[in-house]
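Okay, final.txt is below, compact mmCIF, C-alpha atoms:
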# COMPACT_ATOMS: atom_id res chain seq x y z
CA MET A 1 154.50 52.27 142.30
CA GLN A 2 157.86 53.70 141.28
CA ALA A 3 157.51 56.54 138.78
CA CYS A 4 159.12 56.28 135.38
CA ARG A 5 161.39 59.20 134.67
CA ARG A 6 164.45 60.30 132.72
CA GLY A 7 166.44 63.42 132.03
CA PHE A 8 163.97 64.80 129.50
CA SER A 9 160.29 63.91 129.47
CA PRO A 10 157.98 66.07 127.36
CA ALA A 11 154.78 66.96 129.16
CA ALA A 12 152.83 65.55 126.25
CA ALA A 13 154.29 62.14 126.99
CA LEU A 14 152.47 62.07 130.31
CA GLY A 15 149.19 62.49 128.53
CA MET A 16 149.82 59.58 126.20
CA GLN A 17 151.63 57.40 128.70
CA PHE A 18 148.58 55.60 129.93
CA ARG A 19 146.82 55.57 126.59
CA MET A 20 149.81 54.05 124.80
CA SER A 21 150.64 51.59 127.56
CA ASP A 22 147.12 50.36 128.27
CA SER A 23 147.19 47.77 125.49
CA LEU A 24 150.52 46.43 126.76
CA ILE A 25 149.05 46.19 130.26
CA GLU A 26 146.08 44.37 128.78
CA VAL A 27 148.44 41.84 127.17
CA TYR A 28 150.12 41.33 130.53
CA ASP A 29 146.79 40.97 132.36
CA ARG A 30 145.55 38.48 129.79
CA LYS A 31 148.64 36.32 130.28
CA VAL A 32 148.05 36.43 134.03
CA GLU A 33 144.42 35.37 133.54
CA GLN A 34 145.56 32.50 131.32
CA GLY A 35 147.99 31.33 133.99
CA LEU A 36 151.02 32.05 131.80
CA LEU A 37 152.35 34.66 134.24
CA ARG A 38 152.10 35.15 137.97
CA PRO A 39 150.59 38.51 138.95
CA ASP A 40 153.33 40.87 140.09
CA ALA A 41 152.61 44.50 140.99
CA ALA A 42 156.20 45.60 140.31
CA GLN A 43 156.18 44.08 136.83
CA ARG A 44 152.80 45.58 135.99
CA GLY A 45 153.91 48.94 137.37
CA ALA A 46 156.94 48.96 135.05
CA LEU A 47 154.87 48.62 131.87
CA PRO A 48 154.08 52.36 131.56
CA CYS A 49 157.83 52.96 131.27
CA PHE A 50 157.67 51.49 127.77
CA ALA A 51 154.96 53.94 126.68
CA GLU A 52 157.13 56.75 125.38
CA VAL A 53 159.28 54.35 123.36
CA LEU A 54 156.17 52.70 121.96
CA ALA A 55 154.67 56.06 120.97
CA TYR A 56 157.90 57.03 119.20
CA LEU A 57 158.04 53.76 117.26
CA ARG A 58 154.44 54.11 116.12
CA LYS A 59 155.26 57.39 114.43
CA PRO A 60 156.42 57.18 110.79
CA ALA A 61 160.18 56.94 110.46
CA PRO A 62 161.86 60.06 109.01
CA LYS A 63 162.25 59.91 105.25
CA ALA A 64 165.74 59.22 104.01
CA GLY A 65 165.96 62.64 102.37
CA LEU A 66 165.39 64.31 105.72
CA MET A 67 168.23 62.56 107.53
CA GLY A 68 170.86 65.09 106.52
CA LEU A 69 168.65 68.02 107.53
CA LEU A 70 167.81 66.36 110.84
CA ALA A 71 171.47 65.67 111.51
CA ARG A 72 172.33 69.35 111.03
CA ARG A 73 169.52 70.35 113.40
CA LYS A 74 170.69 67.84 116.04
CA PRO A 75 167.28 66.33 116.78
CA GLU A 76 166.46 65.19 120.29
CA PRO A 77 167.49 61.54 120.81
CA PRO A 78 164.67 59.01 120.67
CA PRO A 79 163.30 57.83 124.01
CA GLY A 80 164.84 54.75 125.55
CA LEU A 81 164.52 52.57 128.63
CA TYR A 82 167.10 51.12 131.03
CA LEU A 83 165.33 48.50 133.15
CA TRP A 84 167.46 47.17 135.98
CA GLY A 85 167.07 45.07 139.11
CA GLY A 86 167.92 41.78 140.77
CA VAL A 87 168.18 38.55 138.83
CA GLY A 88 165.02 36.62 138.05
CA ARG A 89 162.65 39.54 138.62
CA GLY A 90 161.15 39.43 135.13
CA LYS A 91 163.11 42.18 133.33
CA SER A 92 163.79 40.09 130.23
CA MET A 93 160.21 38.83 130.17
CA LEU A 94 158.85 42.38 130.17
CA MET A 95 161.24 43.43 127.44
CA ASP A 96 160.25 40.43 125.32
CA LEU A 97 156.58 41.28 125.91
CA PHE A 98 157.24 44.80 124.64
CA VAL A 99 159.28 43.72 121.61
CA ALA A 100 156.57 41.25 120.57
CA HIS A 101 154.00 44.02 120.98
CA VAL A 102 155.77 46.40 118.56
CA ASP A 103 154.28 45.74 115.15
CA ASP A 104 155.70 46.58 111.71
CA VAL A 105 158.89 48.12 113.06
CA PRO A 106 162.36 46.88 112.10
CA LYS A 107 163.67 45.58 115.39
CA ARG A 108 166.19 43.29 116.96
CA ARG A 109 166.37 41.65 120.36
CA VAL A 110 169.86 40.42 121.24
CA HIS A 111 172.07 39.63 124.23
CA PHE A 112 174.34 42.60 124.86
CA HIS A 113 177.55 40.54 124.87
CA ALA A 114 176.66 38.95 121.53
CA PHE A 115 175.87 42.32 119.98
CA MET A 116 179.15 43.88 121.13
CA GLN A 117 181.02 40.91 119.70
CA GLU A 118 179.40 41.62 116.33
CA ILE A 119 180.39 45.28 116.60
CA HIS A 120 184.02 44.37 117.24
CA GLU A 121 184.03 41.97 114.31
CA GLY A 122 182.52 44.64 112.06
CA MET A 123 185.12 47.18 113.17
CA HIS A 124 187.90 44.69 112.48
CA ALA A 125 186.60 44.28 108.92
CA ALA A 126 186.19 48.04 108.49
CA ARG A 127 189.80 48.70 109.51
CA LYS A 128 190.96 46.54 106.62
CA THR A 129 189.39 49.07 104.23
CA GLY A 130 191.59 51.83 105.60
CA THR A 131 188.79 53.88 107.15
CA SER A 132 189.84 56.40 109.78
CA ASP A 133 186.78 55.66 111.96
CA ALA A 134 185.98 51.95 112.02
CA LEU A 135 182.96 52.37 114.31
CA ALA A 136 181.02 54.79 112.10
CA PRO A 137 180.20 52.44 109.18
CA VAL A 138 179.35 49.60 111.56
CA ALA A 139 176.95 51.72 113.63
CA ASP A 140 175.42 53.23 110.50
CA ASN A 141 174.80 49.76 109.09
CA VAL A 142 172.94 48.77 112.26
CA ALA A 143 170.88 51.97 112.11
CA ARG A 144 169.83 51.22 108.53
CA GLN A 145 168.47 47.85 109.60
CA VAL A 146 166.47 48.64 112.78
CA ARG A 147 164.51 51.33 114.59
CA LEU A 148 164.45 49.38 117.86
CA LEU A 149 167.33 47.63 119.57
CA ALA A 150 166.49 45.57 122.64
CA PHE A 151 169.52 44.46 124.65
CA ASP A 152 169.37 41.83 127.35
CA GLU A 153 171.80 41.70 130.28
CA MET A 154 173.80 44.87 129.69
CA GLN A 155 177.01 44.86 131.64
CA ILE A 156 180.45 46.20 130.79
CA THR A 157 183.44 44.16 131.91
CA ASP A 158 185.79 44.53 128.95
CA ILE A 159 187.77 47.71 128.36
CA THR A 160 187.36 47.41 124.59
CA ASP A 161 183.58 47.54 125.06
CA ALA A 162 183.86 50.38 127.55
CA MET A 163 185.85 52.56 125.18
CA ILE A 164 183.40 52.35 122.26
CA VAL A 165 179.93 51.83 123.72
CA GLY A 166 179.33 55.54 124.36
CA ARG A 167 180.08 56.57 120.79
CA LEU A 168 178.10 53.58 119.52
CA PHE A 169 174.95 54.52 121.45
CA GLU A 170 175.34 58.18 120.56
CA ARG A 171 175.53 57.42 116.85
CA LEU A 172 172.62 54.96 116.96
CA MET A 173 170.44 57.44 118.85
CA ALA A 174 171.36 60.24 116.45
CA ALA A 175 170.16 58.00 113.62
CA GLY A 176 166.80 57.54 115.35
CA VAL A 177 167.29 54.08 116.86
CA ALA A 178 165.37 53.58 120.11
CA ILE A 179 167.19 51.46 122.68
CA VAL A 180 165.66 49.34 125.44
CA THR A 181 167.95 47.35 127.71
CA THR A 182 167.89 45.26 130.85
CA SER A 183 170.68 45.04 133.39
CA ASN A 184 171.38 43.66 136.83
CA ARG A 185 173.22 46.88 137.71
CA VAL A 186 172.19 50.48 138.29
CA PRO A 187 173.87 52.65 135.60
CA ASP A 188 176.34 54.14 138.08
CA ASP A 189 177.73 50.64 138.75
CA LEU A 190 178.45 49.80 135.10
CA TYR A 191 182.15 49.08 134.51
CA LYS A 192 182.70 49.62 138.22
CA ASN A 193 186.42 49.75 139.11
CA GLY A 194 187.27 49.28 135.43
CA LEU A 195 190.50 50.45 133.86
CA ASN A 196 190.28 54.11 132.73
CA ARG A 197 186.72 54.28 134.04
CA ALA A 198 186.76 58.08 133.95
CA LEU A 199 186.56 57.84 130.17
CA PHE A 200 183.42 55.70 130.55
CA VAL A 201 181.50 58.01 132.92
CA PRO A 202 180.07 60.22 130.09
CA PHE A 203 178.26 57.13 128.80
CA ILE A 204 176.59 56.68 132.19
CA ASP A 205 175.49 60.32 132.04
CA MET A 206 174.11 59.71 128.55
CA ILE A 207 172.00 56.81 129.84
CA LYS A 208 170.60 58.87 132.72
CA THR A 209 169.87 61.84 130.45
CA ASN A 210 168.40 60.14 127.40
CA MET A 211 166.73 57.04 128.81
CA ILE A 212 164.15 56.26 131.47
CA VAL A 213 166.02 54.45 134.24
CA HIS A 214 163.65 52.21 136.16
CA GLU A 215 164.38 49.69 138.90
CA LEU A 216 162.23 46.58 138.93
CA VAL A 217 161.86 46.04 142.66
CA SER A 218 159.89 42.81 142.71
CA GLU A 219 160.69 40.74 145.79
CA THR A 220 160.26 37.49 143.90
CA ASP A 221 163.06 35.78 141.98
CA TYR A 222 160.99 33.87 139.44
CA ARG A 223 163.94 32.03 137.99
CA GLN A 224 164.82 30.64 141.40
CA HIS A 225 161.11 30.09 142.10
CA ARG A 226 160.89 27.76 139.11
CA LEU A 227 163.87 25.84 140.44
CA ALA A 228 162.96 25.90 144.13
CA GLY A 229 162.63 22.34 145.32
CA ALA A 230 163.36 20.97 141.85
CA GLN A 231 166.09 18.46 141.14
CA VAL A 232 169.06 20.26 139.57
CA TYR A 233 171.72 17.53 139.60
CA PHE A 234 171.22 14.35 137.59
CA SER A 235 173.32 11.21 137.71
CA PRO A 236 174.19 9.11 135.91
CA ALA A 237 174.38 11.26 132.76
CA ASP A 238 172.14 8.97 130.75
CA ALA A 239 169.19 9.43 128.41
CA GLN A 240 166.84 10.23 131.28
CA ALA A 241 169.24 12.91 132.55
CA ARG A 242 169.44 14.46 129.07
CA SER A 243 165.64 14.48 128.91
CA GLU A 244 165.36 16.22 132.29
CA MET A 245 168.02 18.75 131.34
CA GLY A 246 166.14 19.51 128.15
CA ARG A 247 162.90 19.94 130.05
CA ILE A 248 164.48 22.42 132.46
CA TRP A 249 166.05 24.35 129.58
CA ASP A 250 162.67 24.66 127.89
CA GLU A 251 161.04 25.81 131.12
CA LEU A 252 163.66 28.46 131.83
CA THR A 253 163.88 29.78 128.27
CA GLY A 254 160.31 29.40 127.05
CA HIS A 255 161.38 26.73 124.54
CA ASP A 256 163.90 29.08 122.93
CA ALA A 257 166.75 27.24 121.22
CA GLY A 258 169.23 29.85 122.41
CA GLN A 259 172.20 31.29 120.58
CA PRO A 260 175.95 31.01 121.11
CA LEU A 261 177.26 33.59 123.56
CA THR A 262 180.80 34.80 122.90
CA LEU A 263 182.70 36.53 125.69
CA THR A 264 185.97 38.33 125.02
CA VAL A 265 188.45 37.82 127.85
CA LYS A 266 191.93 39.33 127.51
CA GLY A 267 191.73 39.05 123.74
CA ARG A 268 190.46 35.47 123.79
CA GLU A 269 187.00 34.26 122.85
CA VAL A 270 185.08 32.11 125.32
CA VAL A 271 181.95 30.58 123.80
CA ILE A 272 178.86 29.27 125.59
CA ALA A 273 177.14 26.97 123.10
CA GLN A 274 173.59 28.02 124.01
CA ALA A 275 172.40 31.10 125.89
CA HIS A 276 169.10 32.88 126.42
CA ASN A 277 168.03 35.46 129.01
CA GLY A 278 170.97 34.83 131.31
CA VAL A 279 170.66 31.04 131.09
CA GLY A 280 173.58 29.25 129.45
CA ARG A 281 174.16 25.64 128.48
CA ALA A 282 177.39 23.87 127.58
CA SER A 283 179.07 20.51 128.05
CA PHE A 284 181.82 19.74 130.53
CA TRP A 285 184.28 19.42 127.65
CA ASP A 286 183.25 22.77 126.18
CA LEU A 287 184.15 24.48 129.45
CA CYS A 288 186.83 22.31 131.03
CA GLY A 289 188.35 20.48 128.08
CA LYS A 290 189.84 23.70 126.71
CA PRO A 291 192.71 25.76 128.17
CA LEU A 292 190.51 28.20 130.08
CA GLY A 293 191.47 29.88 133.33
CA ALA A 294 190.04 31.77 136.27
CA ALA A 295 189.48 34.99 134.27
CA ASP A 296 187.42 33.07 131.71
CA TYR A 297 185.28 31.41 134.35
CA LEU A 298 184.75 34.70 136.16
CA ALA A 299 183.51 36.19 132.88
CA ILE A 300 181.09 33.28 132.45
CA ALA A 301 179.84 33.70 136.02
CA GLY A 302 179.36 37.41 135.39
CA ALA A 303 177.40 36.87 132.18
CA LEU A 304 175.04 34.12 133.38
CA ARG A 305 172.67 33.61 136.29
CA VAL A 306 172.03 29.94 135.51
CA LEU A 307 174.54 27.53 133.94
CA MET A 308 173.40 24.17 132.66
CA MET A 309 176.36 21.81 132.33
CA ASP A 310 176.05 18.47 130.56
CA ASP A 311 178.05 15.27 130.94
CA ILE A 312 180.45 15.83 133.83
CA PRO A 313 182.61 12.65 133.70
CA TYR A 314 184.38 10.72 136.40
CA LEU A 315 187.49 12.65 137.42
CA SER A 316 190.91 11.23 138.28
CA ALA A 317 194.62 11.61 137.61
CA THR A 318 193.96 10.71 133.98
CA ASN A 319 192.06 13.95 133.38
CA TYR A 320 193.77 16.00 136.07
CA ASN A 321 193.94 19.24 134.06
CA GLU A 322 190.25 19.10 133.19
CA ALA A 323 189.44 18.37 136.84
CA LYS A 324 191.46 21.40 137.99
CA ARG A 325 189.56 23.62 135.56
CA PHE A 326 186.29 22.18 136.81
CA VAL A 327 187.24 23.08 140.38
CA THR A 328 188.07 26.64 139.29
CA LEU A 329 184.78 26.93 137.41
CA ILE A 330 182.73 25.74 140.38
CA ASP A 331 184.52 28.22 142.64
CA ALA A 332 183.65 31.07 140.24
CA LEU A 333 180.01 30.01 140.01
CA TYR A 334 179.76 29.55 143.78
CA GLU A 335 181.18 32.97 144.62
CA ALA A 336 178.96 34.68 142.04
CA ARG A 337 175.87 32.78 143.28
CA VAL A 338 175.19 31.36 139.83
CA ARG A 339 172.74 28.48 139.87
CA LEU A 340 174.27 25.27 138.46
CA ILE A 341 172.14 22.58 136.83
CA ALA A 342 174.18 19.56 135.81
CA SER A 343 174.23 15.99 134.61
CA ALA A 344 177.17 13.92 135.83
CA ALA A 345 178.57 10.42 135.92
CA ALA A 346 178.02 10.22 139.68
CA GLN A 347 176.97 12.16 142.73
CA PRO A 348 179.49 14.85 143.81
CA GLU A 349 181.16 12.73 146.50
CA GLN A 350 181.84 9.91 144.01
CA LEU A 351 182.98 12.01 141.05
CA TYR A 352 186.69 12.11 141.86
CA ARG A 353 187.58 8.46 142.24
CA GLU A 354 191.34 8.35 142.80
CA GLY A 355 194.69 10.01 142.32
CA THR A 356 196.25 13.41 142.87
CA GLY A 357 193.66 16.01 143.65
CA ALA A 358 191.08 13.69 145.19
CA PHE A 359 191.51 15.17 148.67
CA GLU A 360 191.29 18.75 147.39
CA PHE A 361 188.14 17.85 145.47
CA GLU A 362 186.26 17.23 148.71
CA ARG A 363 185.69 21.01 149.02
CA THR A 364 184.31 21.14 145.48
CA ALA A 365 182.03 18.17 146.17
CA SER A 366 180.72 19.97 149.24
CA ARG A 367 180.00 23.07 147.17
CA LEU A 368 178.27 21.04 144.48
CA ARG A 369 176.05 19.52 147.16
CA GLU A 370 175.30 22.91 148.71
CA MET A 371 174.47 24.42 145.30
CA GLN A 372 171.68 21.86 144.91
CA GLY A 373 169.79 23.41 147.81
CA ALA A 374 166.27 24.67 147.11
CA ASP A 375 167.03 28.17 148.35
CA TRP A 376 170.64 28.40 147.24
CA ALA A 377 171.43 31.61 145.23
CA ALA A 378 168.10 33.07 146.31
CA ASP A 379 169.76 36.12 147.87
Rewrite the structure from the file as structure tokens, please.
Amino acid sequence: MQACRRGFSPAAALGMQFRMSDSLIEVYDRKVEQGLLRPDAAQRGALPCFAEVLAYLRKPAPKAGLMGLLARRKPEPPPGLYLWGGVGRGKSMLMDLFVAHVDDVPKRRVHFHAFMQEIHEGMHAARKTGTSDALAPVADNVARQVRLLAFDEMQITDITDAMIVGRLFERLMAAGVAIVTTSNRVPDDLYKNGLNRALFVPFIDMIKTNMIVHELVSETDYRQHRLAGAQVYFSPADAQARSEMGRIWDELTGHDAGQPLTLTVKGREVVIAQAHNGVGRASFWDLCGKPLGAADYLAIAGALRVLMMDDIPYLSATNYNEAKRFVTLIDALYEARVRLIASAAAQPEQLYREGTGAFEFERTASRLREMQGADWAAD
């Protein structure tokens, strides 16, 4: 079992680690016994990493009158957890298990991209008031509302996020907000090769100093396991296809309705209509009927591990621009090894019926066929 550790870990925490985490382990074991989860030693071994955060949250929150005194004394940041590893290993499931287990604590569980979008919108509104530091009132407002923030799928691809996330986390932690996050990347790989990355490195150091950094090393990709051997391409796009797509969505998300996911790409907003735990769902026209380009599709591929795409129509010279965007999207998903689940008017080889671009589409049809494989994207 990999040990849980971080830059500072009071000796007392070791004594309470097992006591505070036992009940969470019991919840996990009970779900295994009920057949709701598959037993996984790596997942079970990660549960003690939540113990210090849980112990902190079970303590009474500091009284409002003490906040100024605490600020002057620069209290130690609250414990946090950065849980990272390959896709489909159960990181989000464990975080959700923990969040549900925390009783009577103001908390929020949110996709990291969606949260950062809210922060940018709040800062935009704050600037209109003439404030010299637009981030401060936005972060303080978040801190007044929650003691626990749980972020899913942390990754930094946008320079505007990279330039503020360090100050944001620092201010939230100083206000006593505990942060738990999942990521597909080790902290040192966040914002890798990004513009002005040297300015971002202190944030990485903050994560490694103030949070437990734990790799979930399970060898099983449960998301792919659920899809292995399952039909993932449905044609024609009729009522039965919609029913099957809905069933798969429910299975992958635990019947969660999902929320819109907004990605900021070069100042533009790209919206996925429904998203939950790295699974997104949108229609062909949402993604290919709008003037999106390669950068937008790369951002989508970077934010999702499974894309469910509804109602791919027949393609021809009459919708040539939409067809070109579709080709670009499939290329981005293919290179990023994102699993595609789709409903379409016809099988891949019959989608592009005639006109300019039909010959070039043969490569896309081949990729669509390959992406239906039971073990595709399992690496």
Pull the neighbourhood of (167.3, 44.4, 119.5) for me: all residues within 9 Å in file coordinates, counting all atoms listed in the file, as a list in words.
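Those residues lying close to the given coordinates are Val99, Lys107, Arg108, Arg109, Val110, His111, Phe115, Val146, Arg147, Leu148, Leu149, Ala150, Phe151, Asp152, Ile179, Val180 and Thr181 of chain A.
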Atomic distance atom CA of A:Glu170 - atom CA of A:Phe98, expressed in Å with one decimal:
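So the two atoms, atom CA of A:Glu170 and atom CA of A:Phe98, lie 22.9 Å apart.
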Could you check which residues have any atom within 8 Å of (171.6, 22.3, 139.0), counting only C-alpha atoms with coordinates taken straight from the file, and then list them as a PyMOL selection string?
chain A and resi 231-233+307-308+339-342+371-372
Would you list the contacts of A:Ala294 as a PDB file with C-alpha atoms, keeping the file's coordinate frame, taking every protein, DNA or RNA residue within 9 Å and counting all atoms listed in the file, but skipping same-chain residues closer than 6 positions in sequence?
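The resulting selection06.pdb:
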ATOM      1  CA  ARG A 325     189.560  23.620 135.560  1.00  0.00           C
ATOM      2  CA  THR A 328     188.070  26.640 139.290  1.00  0.00           C
ATOM      3  CA  LEU A 329     184.780  26.930 137.410  1.00  0.00           C
ATOM      4  CA  ALA A 332     183.650  31.070 140.240  1.00  0.00           C
TER       5      ALA A 332
END
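You will find atom CA of A:Met173 at 29.4 Å from atom CA of A:Asp256.
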List the spatial neighbours of A:Leu368 as a list in words - criterion: any atom at most 12 Å away, all atoms listed in the file, same-chain residues fewer than 6 positions off excluded.
Val232, Tyr233, Phe234, Phe326, Val327, Leu329, Ile330, Asp331, Leu333, Tyr334, Val338, Arg339, Leu340, Ile341, Ala342, Ser343, Ala344, Ala346, Gln347, Pro348, Glu349, Gln350, Leu351, Phe361, Glu362 and Trp376 of chain A
Rounded to one decimal place, report the atom CA of A:Gly246-atom CA of A:Leu263 distance in Å.
23.9 Å
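Residue nearest A:Glu335 within the list A:Arg281, A:Leu298, A:Glu360, A:Ala317: A:Leu298 [criterion: smallest interatomic distance, all atoms listed in the file].
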For A:Val213, the nearest of the candidates A:Lys266, A:Gly85, A:Ser235, A:Val165, counting only C-alpha atoms
A:Gly85
Skipping near chain neighbours, those fewer than 3 positions away, what residues fall within 12 Å of A:Val105 using only C-alpha atoms, listed as a CSV table (one decimal) with C-alpha atoms, in the coordinates of the input?
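Output contents, as saved in part.csv:
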chain,number,residue,atom,x,y,z
A,54,LEU,CA,156.2,52.7,122.0
A,55,ALA,CA,154.7,56.1,121.0
A,56,TYR,CA,157.9,57.0,119.2
A,57,LEU,CA,158.0,53.8,117.3
A,58,ARG,CA,154.4,54.1,116.1
A,59,LYS,CA,155.3,57.4,114.4
A,60,PRO,CA,156.4,57.2,110.8
A,61,ALA,CA,160.2,56.9,110.5
A,99,VAL,CA,159.3,43.7,121.6
A,100,ALA,CA,156.6,41.2,120.6
A,101,HIS,CA,154.0,44.0,121.0
A,102,VAL,CA,155.8,46.4,118.6
A,108,ARG,CA,166.2,43.3,117.0
A,145,GLN,CA,168.5,47.8,109.6
A,146,VAL,CA,166.5,48.6,112.8
A,147,ARG,CA,164.5,51.3,114.6
A,148,LEU,CA,164.4,49.4,117.9
A,149,LEU,CA,167.3,47.6,119.6
A,177,VAL,CA,167.3,54.1,116.9
A,178,ALA,CA,165.4,53.6,120.1
With distances taken over only C-alpha atoms, which of A:Met116, A:Ala273, A:Leu216, A:Ala241 is nearest to A:Ala41?
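Residue with the minimum atom-to-atom distance to A:Ala41: A:Leu216.
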Between A:Ile207, A:Gly267, A:Met245, A:Gly280, which is the closest to A:Asp311 once you count only C-alpha atoms?
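Going through A:Ile207, A:Gly267, A:Met245, A:Gly280 one by one, the smallest distance to A:Asp311 is for A:Met245.
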Taking into account only C-alpha atoms, which residue in the set A:Ala358, A:His113, A:Pro313, A:Asp189 is nearest to A:Ile272?
A:His113
At a cut-off of 8 Å, using only C-alpha atoms, what residues contact stretch 23-40 of chain A? Leave out same-chain residues fewer than 4 positions from it and give the result as JSON, numbers by chain.
{"A": [19, 44, 47, 97, 98, 101, 218]}
Skip A:Ile156 itself and residues of its chain fewer than 4 positions away, then list as a list in words all residues within 8 Å of it, counting only C-alpha atoms.
Asp161, Ala162, Leu190 and Tyr191 of chain A
